[in-house]
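Trainee: As input, take protein.txt (compact mmCIF, C-alpha atoms and all ligand atoms):
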```
# COMPACT_ATOMS: atom_id res chain seq x y z
CA MET Z 8 102.09 109.81 122.23
CA ASP Z 9 99.90 107.08 120.67
CA ASN Z 10 96.40 107.82 119.42
CA ILE Z 11 93.91 106.42 116.93
CA LEU Z 12 92.96 108.20 113.73
CA SER Z 13 89.38 109.46 114.10
CA ASP Z 14 86.61 108.47 111.68
CA TYR Z 15 86.68 111.99 110.28
CA GLN Z 16 90.42 111.81 109.67
CA ARG Z 17 90.03 108.45 107.94
CA ILE Z 18 87.41 109.97 105.63
CA GLU Z 19 89.80 112.82 104.84
CA LEU Z 20 92.47 110.32 103.80
CA LYS Z 21 90.10 108.70 101.31
CA GLN Z 22 91.11 111.42 98.84
CA PHE Z 23 94.52 109.71 98.81
CA ARG Z 24 92.95 106.27 98.41
CA VAL Z 25 93.31 105.19 102.01
CA THR Z 26 90.47 102.74 102.52
CA THR Z 27 88.73 101.05 105.40
CA ASN Z 28 87.66 98.11 103.23
CA ARG Z 29 89.53 95.07 102.11
CA THR Z 30 89.07 93.37 98.76
CA SER Z 31 89.86 89.84 97.72
CA SER Z 32 91.28 90.63 94.28
CA ALA Z 33 94.31 88.67 93.07
CA LEU Z 34 96.22 91.95 92.95
CA SER Z 35 95.49 92.81 96.58
CA VAL Z 36 98.57 92.17 98.65
CA GLN Z 37 100.15 92.96 101.97
CA ILE Z 38 103.35 94.90 101.31
CA ASP Z 39 105.66 92.76 103.45
CA LYS Z 40 104.87 89.90 101.01
CA LEU Z 41 106.51 91.83 98.17
CA LEU Z 42 109.93 92.42 99.58
CA ASP Z 43 111.73 89.40 98.26
CA GLU Z 44 112.71 89.24 94.63
CA GLN Z 45 110.70 86.15 93.75
CA SER Z 46 107.43 87.43 95.18
CA MET Z 47 107.96 90.83 93.61
CA ARG Z 48 108.65 89.22 90.23
CA ARG Z 49 105.46 87.16 90.48
CA TYR Z 50 103.40 90.17 91.51
CA LEU Z 51 104.77 92.36 88.73
CA ALA Z 52 104.05 89.65 86.16
CA GLN Z 53 100.39 89.59 87.27
CA LEU Z 54 100.13 93.37 87.45
CA GLY Z 55 101.88 93.82 84.10
CA LYS Z 56 99.29 91.58 82.47
CA HIS Z 57 96.48 93.52 84.11
CA ILE Z 58 97.65 96.95 82.93
CA GLY Z 59 98.97 95.68 79.60
CA ALA Z 60 102.55 96.78 80.30
CA ALA Z 61 105.15 96.30 77.57
CA ASN Z 62 107.70 94.96 80.05
CA ASP Z 63 108.57 94.73 83.76
CA LYS Z 64 110.29 98.13 83.90
CA VAL Z 65 107.03 99.73 82.80
CA THR Z 66 105.10 97.81 85.46
CA ALA Z 67 107.60 98.82 88.16
CA SER Z 68 107.27 102.48 87.23
CA ILE Z 69 103.46 102.40 87.24
CA PHE Z 70 103.51 100.50 90.54
CA ILE Z 71 105.44 103.37 92.19
CA LYS Z 72 103.33 106.03 90.47
CA ARG Z 73 100.28 104.57 92.16
CA TYR Z 74 102.15 103.90 95.39
CA ALA Z 75 102.98 107.61 95.65
CA PHE Z 76 99.51 108.14 97.12
CA LEU Z 77 100.57 106.37 100.30
CA ALA Z 78 103.46 108.83 100.64
CA VAL Z 79 101.05 111.69 100.07
CA ALA Z 80 98.59 110.43 102.73
CA TYR Z 81 101.48 110.03 105.16
CA LEU Z 82 102.92 113.51 104.56
CA TYR Z 83 99.45 115.08 104.65
CA THR Z 84 98.94 113.57 108.09
CA MET Z 85 102.40 114.66 109.22
CA THR Z 86 101.97 118.27 108.11
CA LEU Z 87 98.32 118.87 108.87
CA LYS Z 88 97.80 116.75 111.96
CA ASN Z 89 101.31 116.59 113.39
CA ALA Z 90 100.80 112.84 113.41
CA LYS Z 91 102.65 109.85 112.01
CA LEU Z 92 100.75 107.00 110.35
CA ASN Z 93 101.89 103.46 110.97
CA ILE Z 94 103.25 102.45 107.57
CA SER Z 95 105.29 99.43 108.63
CA PHE Z 96 105.24 96.88 105.79
CA GLU Z 97 103.12 94.52 107.89
CA ASN Z 98 100.53 97.23 108.41
CA VAL Z 99 99.91 98.25 104.79
CA SER Z 100 98.15 96.37 102.04
CA LEU Z 101 97.13 97.27 98.51
CA GLU Z 102 93.44 96.70 97.86
CA THR Z 103 92.57 96.57 94.21
CA ASP Z 104 89.56 96.24 91.99
CA GLU Z 105 90.08 93.64 89.26
CA LYS Z 106 87.78 95.51 86.88
CA ASP Z 107 89.84 98.69 87.10
CA GLU Z 108 92.08 98.56 84.03
CA LEU Z 109 94.06 101.64 85.00
CA TRP Z 110 94.85 99.97 88.32
CA LEU Z 111 94.24 102.60 90.96
CA PRO Z 112 94.75 100.62 94.16
CA ASN Z 113 93.60 101.67 97.63
CA PHE Z 114 95.72 101.42 100.76
CA TYR Z 115 94.43 99.55 103.75
CA LEU Z 116 96.05 100.00 107.15
CA ASN Z 117 95.47 97.13 109.58
CA ASP Z 118 96.09 99.45 112.46
CA PHE Z 119 95.11 103.11 112.49
CA HIS Z 120 97.26 104.07 115.46
CA ILE Z 121 99.08 107.33 114.97
CA GLU Z 122 102.04 108.70 116.81
CA THR Z 123 101.43 112.35 117.60
CA LEU Z 124 104.17 114.92 117.88
CA ILE Z 125 106.15 114.96 121.06
CA GLY Z 126 109.16 117.13 121.81
CA ASN Z 127 111.05 119.05 119.18
CA ARG Z 128 109.18 119.14 115.86
CA GLU Z 129 112.28 119.26 113.68
CA THR Z 130 113.67 116.09 115.22
CA TRP Z 131 110.27 114.42 115.05
CA ARG Z 132 109.85 115.45 111.39
CA GLU Z 133 113.25 114.02 110.56
CA THR Z 134 112.17 110.69 112.05
CA CYS Z 135 108.91 110.78 110.08
CA ILE Z 136 110.76 111.42 106.82
CA TYR Z 137 113.33 108.73 107.54
CA THR Z 138 110.53 106.25 108.25
CA LEU Z 139 108.76 107.04 104.99
CA PHE Z 140 111.73 107.18 102.63
CA ASN Z 141 114.57 105.23 104.13
CA ASN Z 142 112.56 102.51 105.81
CA HIS Z 143 109.59 102.15 103.50
CA LEU Z 144 110.04 103.48 99.97
CA TYR Z 145 113.73 102.87 99.46
CA PRO Z 146 113.57 99.10 100.15
CA LEU Z 147 110.71 98.87 97.63
CA PHE Z 148 112.64 100.88 95.03
CA ASP Z 149 115.66 98.72 95.60
CA CYS Z 150 113.72 95.50 95.18
CA LEU Z 151 111.97 96.79 92.05
CA SER Z 152 115.21 97.91 90.52
CA ARG Z 153 116.95 94.60 91.29
CA VAL Z 154 114.07 92.65 89.77
CA THR Z 155 113.38 94.78 86.69
CA LYS Z 156 116.50 96.98 86.30
CA VAL Z 157 114.22 100.03 86.28
CA SER Z 158 116.16 103.21 87.03
CA LYS Z 159 115.60 104.54 90.54
CA LEU Z 160 115.63 108.03 89.01
CA ILE Z 161 112.27 107.30 87.40
CA LEU Z 162 110.89 105.98 90.67
CA TRP Z 163 112.06 109.04 92.61
CA GLU Z 164 110.51 111.35 90.08
CA ASN Z 165 107.24 109.40 90.23
CA ILE Z 166 107.11 110.08 93.96
CA SER Z 167 108.42 113.62 93.79
CA ILE Z 168 105.65 114.76 91.42
CA TYR Z 169 102.95 113.78 93.89
CA ILE Z 170 104.74 115.39 96.82
CA VAL Z 171 104.88 118.67 94.92
CA TRP Z 172 101.19 118.21 94.02
CA LEU Z 173 100.33 117.76 97.69
CA TYR Z 174 102.11 120.87 98.91
CA GLU Z 175 101.47 123.14 95.93
CA THR Z 176 97.92 122.15 95.06
CA ILE Z 177 96.06 120.16 97.70
CA LEU Z 178 97.35 122.03 100.71
CA GLN Z 179 96.64 125.32 98.97
CA LYS Z 180 92.97 124.40 98.64
CA GLU Z 181 92.46 123.45 102.27
CA GLU Z 182 91.15 126.10 104.61
CA LEU Z 183 94.13 126.18 106.86
CA THR Z 184 95.09 128.21 109.88
CA GLU Z 185 98.11 130.47 109.58
CA GLU Z 186 100.07 128.12 111.77
CA VAL Z 187 99.41 125.19 109.44
CA ILE Z 188 100.14 127.23 106.31
CA LEU Z 189 103.52 128.14 107.74
CA ARG Z 190 104.18 124.53 108.77
CA SER Z 191 103.22 123.32 105.32
CA LYS Z 192 105.65 125.75 103.67
CA GLU Z 193 108.43 124.75 106.04
CA ASP Z 194 107.83 121.04 105.54
CA PHE Z 195 107.85 121.43 101.77
CA GLN Z 196 111.11 123.41 101.83
CA TYR Z 197 112.67 120.89 104.14
CA LEU Z 198 111.56 117.85 102.18
CA LEU Z 199 112.70 119.10 98.81
CA PHE Z 200 115.71 121.24 99.57
CA GLN Z 201 117.09 120.80 103.06
CA ALA Z 202 116.58 117.19 104.10
CA PRO Z 203 119.88 115.32 103.71
CA GLY Z 204 120.22 112.39 101.32
CA SER Z 205 120.83 110.08 104.29
CA LEU Z 206 117.10 110.22 105.13
CA PHE Z 207 116.20 108.77 101.73
CA GLY Z 208 118.22 105.57 101.66
CA GLY Z 209 121.80 106.62 102.25
CA TYR Z 210 122.17 109.03 99.33
CA ASN Z 211 124.74 111.82 99.38
CA GLU Z 212 122.16 114.21 97.95
CA ASN Z 213 118.44 114.65 98.48
CA PRO Z 214 116.98 112.61 95.55
CA LEU Z 215 113.80 114.72 95.30
CA LYS Z 216 115.51 118.04 94.74
CA LYS Z 217 116.46 117.61 91.10
CA TYR Z 218 112.86 117.14 89.93
CA TYR Z 219 111.59 120.51 91.04
CA ASN Z 220 111.71 122.07 87.58
CA GLU Z 221 110.53 125.45 86.38
CA HIS Z 222 107.00 125.61 85.00
CA ILE Z 223 106.53 125.92 81.27
CA TYR Z 224 103.34 126.95 79.51
CA MET Z 225 101.64 124.19 77.50
CA GLU Z 226 99.20 125.42 74.90
CA GLU Z 227 97.61 122.00 74.66
CA TYR Z 228 96.47 122.16 78.31
CA GLU Z 229 96.24 125.96 78.43
CA LYS Z 230 98.24 125.99 81.62
CA ALA Z 231 101.75 125.92 82.95
CA VAL Z 232 103.12 122.52 83.90
CA ARG Z 233 106.29 121.40 85.58
CA PRO Z 234 107.93 119.14 82.99
CA ARG Z 235 109.17 115.69 83.96
CA LYS Z 236 112.83 114.86 83.52
CA THR Z 237 112.35 111.14 83.11
CA CYS Z 238 109.69 109.20 81.25
CA CYS Z 239 107.42 107.14 83.48
CA TYR Z 240 106.55 104.73 80.60
CA SER Z 241 102.86 105.30 81.03
CA TYR Z 242 102.48 105.28 77.24
CA LEU Z 243 103.73 101.69 77.22
CA THR Z 244 100.67 100.37 79.02
CA ARG Z 245 97.35 99.36 77.51
CA SER Z 246 95.83 102.76 78.31
CA LYS Z 247 98.68 104.56 76.42
CA LYS Z 248 97.94 107.41 78.75
CA ARG Z 249 100.04 110.53 78.35
CA CYS Z 250 100.96 112.38 81.52
CA THR Z 251 99.80 115.97 81.77
CA SER Z 252 103.07 116.90 83.45
CA CYS Z 253 105.08 115.88 80.42
CA PRO Z 254 105.66 118.10 77.42
CA GLN Z 255 107.54 115.39 75.56
CA VAL Z 256 105.84 113.68 72.68
CA CYS Z 257 105.56 110.00 73.42
CA THR Z 258 107.06 108.48 70.34
CA ALA Z 259 104.90 105.39 70.67
CA LEU Z 260 101.76 107.49 70.81
CA ALA Z 261 102.87 109.44 67.80
CA PHE Z 262 103.50 106.17 65.99
CA VAL Z 263 100.09 104.76 66.93
CA SER Z 264 98.25 107.89 65.81
CA GLU Z 265 100.19 107.91 62.54
CA MET Z 266 99.16 104.28 61.95
CA GLN Z 267 95.56 105.16 62.75
CA ARG Z 268 95.68 108.10 60.37
CA ARG Z 269 97.03 105.94 57.55
CA GLU Z 270 94.43 103.28 58.19
CA GLU Z 271 91.67 105.86 58.10
CA GLN Z 272 93.06 107.31 54.87
CA SER Z 273 93.20 103.92 53.19
CA ASN Z 274 89.57 103.29 54.19
CA GLU Z 275 88.36 106.54 52.64
S1 LIG Z 301 103.88 111.78 78.66
FE1 LIG Z 301 104.78 110.10 77.64
S2 LIG Z 301 106.92 110.63 77.42
FE2 LIG Z 301 106.07 111.90 79.00
S3 LIG Z 301 106.47 110.81 80.91
FE3 LIG Z 301 104.44 110.33 80.27
S4 LIG Z 301 104.69 108.47 79.19
FE4 LIG Z 301 106.69 109.40 79.27
```
Any chance you could put this one into structure tokens?
Ligand code: SF4

Mentor:
Amino acid sequence: MDNILSDYQRIELKQFRVTTNRTSSALSVQIDKLLDEQSMRRYLAQLGKHIGAANDKVTASIFIKRYAFLAVAYLYTMTLKNAKLNISFENVSLETDEKDELWLPNFYLNDFHIETLIGNRETWRETCIYTLFNNHLYPLFDCLSRVTKVSKLILWENISIYIVWLYETILQKEELTEEVILRSKEDFQYLLFQAPGSLFGGYNENPLKKYYNEHIYMEEYEKAVRPRKTCCYSYLTRSKKRCTSCPQVCTALAFVSEMQRREEQSNE
């Protein structure tokens, strides 16, 4: 059944950077314009300059890290509202602020129609997941990896981290009914462990499963974190930002701080 997302529901999705405003920044783009190699290459070149990325692989990884918020908004709507957002490539655009050096784009949907659950939920959920991963994310991953040679493993982990965050953190904070809590647990189990690889772009295995690592305690953050398996290259951007989910020492960061230390010493 077709419906329109209410104003209240749109406000709720703002936490995942879904916006109702457009911007005219050079980095704002409708997603269907990025699906051919040439356009993607041009876009990544512009974005790479903006975030100060060391190379195109770095830009591709950061692009998907930010893009993960669209997946989160979509799954949040699926689990909480039993509704499916229209994320066809023609319907989604990235809206960005040129002054934002970290590049945290918003997602604008031309059309806020939602398809609410009809019939069997398991079948409906399978269609939702196929739409998100097979039809939307996988073609983007494929294009990014053809253009930059970035490993799809990094891109899957970039998405997987935010899915875990949604179900283990955000949906734990919400005041949910018992029915929704149960649904949320079931959806999380299904997404990470039961959904077949064929829903994610024709894989034999579910590509999200392998990133659900055990927590380890990090003294630095005074909390347990789930360590990444791949490096997202965040340290190779201008911000040199280190990810809180990663216990590895970024060698580049270590190098930079060593240089700084030596410089400070020689100035003493
Ligand atoms: S903290 Fe550093 S090493 Fe770890 S994933 Fe992030 S950028 Fe890579």

Trainee: Any idea what's packed within 9 Å of Arg24 in chain Z, counting all atoms listed in the file, ignoring anything in its chain fewer than 2 positions away? Could you give it as a ChimeraX atom specification?

Mentor: /Z:20-22,26,76-77,80,111-115

Trainee: Enclose the full set of atoms of ligand LIG 301 (chain Z) listed in the file within a box whose edges lie along x, y and z, apply 6 Å of padding to each of the six sides, and report centre and edge lengths in Å to one decimal as lines of an AutoDock Vina configuration file.

Mentor:
```
center_x = 105.4
center_y = 110.2
center_z = 79.2
size_x = 15.0
size_y = 15.4
size_z = 15.5
```

Trainee: At a cut-off of 12 Å and counting only C-alpha atoms and all ligand atoms, what residues surround ligand LIG 301 (chain Z)? Please answer as an MDAnalysis selection string.

Mentor: chainID Z and resid 60 65 68:69 72 161:162 164:165 168 232:261

Trainee: Any chance you can output those residues with C-alpha atoms as a PDB file, in the frame of the given file?

Mentor:
```pdb
ATOM      1  CA  ALA Z  60     102.550  96.780  80.300  1.00  0.00           C
ATOM      2  CA  VAL Z  65     107.030  99.730  82.800  1.00  0.00           C
ATOM      3  CA  SER Z  68     107.270 102.480  87.230  1.00  0.00           C
ATOM      4  CA  ILE Z  69     103.460 102.400  87.240  1.00  0.00           C
ATOM      5  CA  LYS Z  72     103.330 106.030  90.470  1.00  0.00           C
ATOM      6  CA  ILE Z 161     112.270 107.300  87.400  1.00  0.00           C
ATOM      7  CA  LEU Z 162     110.890 105.980  90.670  1.00  0.00           C
ATOM      8  CA  GLU Z 164     110.510 111.350  90.080  1.00  0.00           C
ATOM      9  CA  ASN Z 165     107.240 109.400  90.230  1.00  0.00           C
ATOM     10  CA  ILE Z 168     105.650 114.760  91.420  1.00  0.00           C
ATOM     11  CA  VAL Z 232     103.120 122.520  83.900  1.00  0.00           C
ATOM     12  CA  ARG Z 233     106.290 121.400  85.580  1.00  0.00           C
ATOM     13  CA  PRO Z 234     107.930 119.140  82.990  1.00  0.00           C
ATOM     14  CA  ARG Z 235     109.170 115.690  83.960  1.00  0.00           C
ATOM     15  CA  LYS Z 236     112.830 114.860  83.520  1.00  0.00           C
ATOM     16  CA  THR Z 237     112.350 111.140  83.110  1.00  0.00           C
ATOM     17  CA  CYS Z 238     109.690 109.200  81.250  1.00  0.00           C
ATOM     18  CA  CYS Z 239     107.420 107.140  83.480  1.00  0.00           C
ATOM     19  CA  TYR Z 240     106.550 104.730  80.600  1.00  0.00           C
ATOM     20  CA  SER Z 241     102.860 105.300  81.030  1.00  0.00           C
ATOM     21  CA  TYR Z 242     102.480 105.280  77.240  1.00  0.00           C
ATOM     22  CA  LEU Z 243     103.730 101.690  77.220  1.00  0.00           C
ATOM     23  CA  THR Z 244     100.670 100.370  79.020  1.00  0.00           C
ATOM     24  CA  ARG Z 245      97.350  99.360  77.510  1.00  0.00           C
ATOM     25  CA  SER Z 246      95.830 102.760  78.310  1.00  0.00           C
ATOM     26  CA  LYS Z 247      98.680 104.560  76.420  1.00  0.00           C
ATOM     27  CA  LYS Z 248      97.940 107.410  78.750  1.00  0.00           C
ATOM     28  CA  ARG Z 249     100.040 110.530  78.350  1.00  0.00           C
ATOM     29  CA  CYS Z 250     100.960 112.380  81.520  1.00  0.00           C
ATOM     30  CA  THR Z 251      99.800 115.970  81.770  1.00  0.00           C
ATOM     31  CA  SER Z 252     103.070 116.900  83.450  1.00  0.00           C
ATOM     32  CA  CYS Z 253     105.080 115.880  80.420  1.00  0.00           C
ATOM     33  CA  PRO Z 254     105.660 118.100  77.420  1.00  0.00           C
ATOM     34  CA  GLN Z 255     107.540 115.390  75.560  1.00  0.00           C
ATOM     35  CA  VAL Z 256     105.840 113.680  72.680  1.00  0.00           C
ATOM     36  CA  CYS Z 257     105.560 110.000  73.420  1.00  0.00           C
ATOM     37  CA  THR Z 258     107.060 108.480  70.340  1.00  0.00           C
ATOM     38  CA  ALA Z 259     104.900 105.390  70.670  1.00  0.00           C
ATOM     39  CA  LEU Z 260     101.760 107.490  70.810  1.00  0.00           C
ATOM     40  CA  ALA Z 261     102.870 109.440  67.800  1.00  0.00           C
TER      41      ALA Z 261
END
```

Trainee: Report the distance between CA of Cys135 in chain Z and CA of Asp194 in chain Z in Å, rounded to one decimal place.

Mentor: 11.3 Å

Trainee: Between Z:Ala90, Z:Ala52, Z:Leu12, Z:Leu206, single out the one closest to Thr155 in chain Z, counting only C-alpha atoms.

Mentor: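 Residue with the minimum atom-to-atom distance to Thr155 in chain Z: Z:Ala52.
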
Trainee: Which is closer to Val79 in chain Z than all the others in Z:Thr134, Z:Ser31, Z:Gln53, Z:Ser167, using all atoms listed in the file?

Mentor: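 The shortest atom-to-atom distance to Val79 in chain Z comes from Z:Ser167.
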
Trainee: Smallest atom-to-atom distance to Ala67 in chain Z: which of Z:Gln179, Z:Ser191, Z:Ser158, Z:Ser100, using all atoms listed in the file?

Mentor: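 Checking each candidate against Ala67 in chain Z, we get Z:Ser158 as the closest.
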
Trainee: Using CA of Val154 in chain Z and CA of Arg48 in chain Z as the two end points, give the distance in Å to one decimal.

Mentor: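 That distance, rounded to one decimal, is 6.4 Å.
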
Trainee: Taking into account all atoms listed in the file, which residue in the set Z:Leu109, Z:Ile136, Z:Glu181, Z:Ala231 is nearest to Leu199 in chain Z?

Mentor: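 Answer, going by the shortest atom-to-atom distance: Z:Ile136.
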
Trainee: From the set Z:Arg132, Z:Glu44, Z:Trp172, Z:Leu215, which residue has the shortest atom-to-atom contact distance to Asp149 in chain Z, counting all atoms listed in the file?

Mentor: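 Smallest distance to Asp149 in chain Z is found for Z:Glu44.
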
Trainee: So that I can check the surroundings of Thr123 in chain Z, please list as a ChimeraX atom specification every protein, DNA and RNA residue that reaches within 12 Å of it, counting only C-alpha atoms and ignoring chain neighbours fewer than 3 positions away.

Mentor: /Z:8-12,84-93,120,126-128,131-132,135

Trainee: With all atoms listed in the file as the counted atoms, please give the residues lying no more than 9 Å from Glu105 in chain Z, apart from itself and same-chain residues fewer than 5 positions off, as a PDB file with C-alpha atoms, keeping the file's coordinate frame.

Mentor:
```
ATOM      1  CA  SER Z  32      91.280  90.630  94.280  1.00  0.00           C
ATOM      2  CA  ALA Z  33      94.310  88.670  93.070  1.00  0.00           C
ATOM      3  CA  LEU Z  34      96.220  91.950  92.950  1.00  0.00           C
ATOM      4  CA  HIS Z  57      96.480  93.520  84.110  1.00  0.00           C
ATOM      5  CA  TRP Z 110      94.850  99.970  88.320  1.00  0.00           C
TER       6      TRP Z 110
END
```

Trainee: Nearest residue to Phe70 in chain Z out of Z:Ile177, Z:Ile121, Z:Leu54, Z:Val171, using all atoms listed in the file?

Mentor: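 Closest candidate: Z:Leu54.
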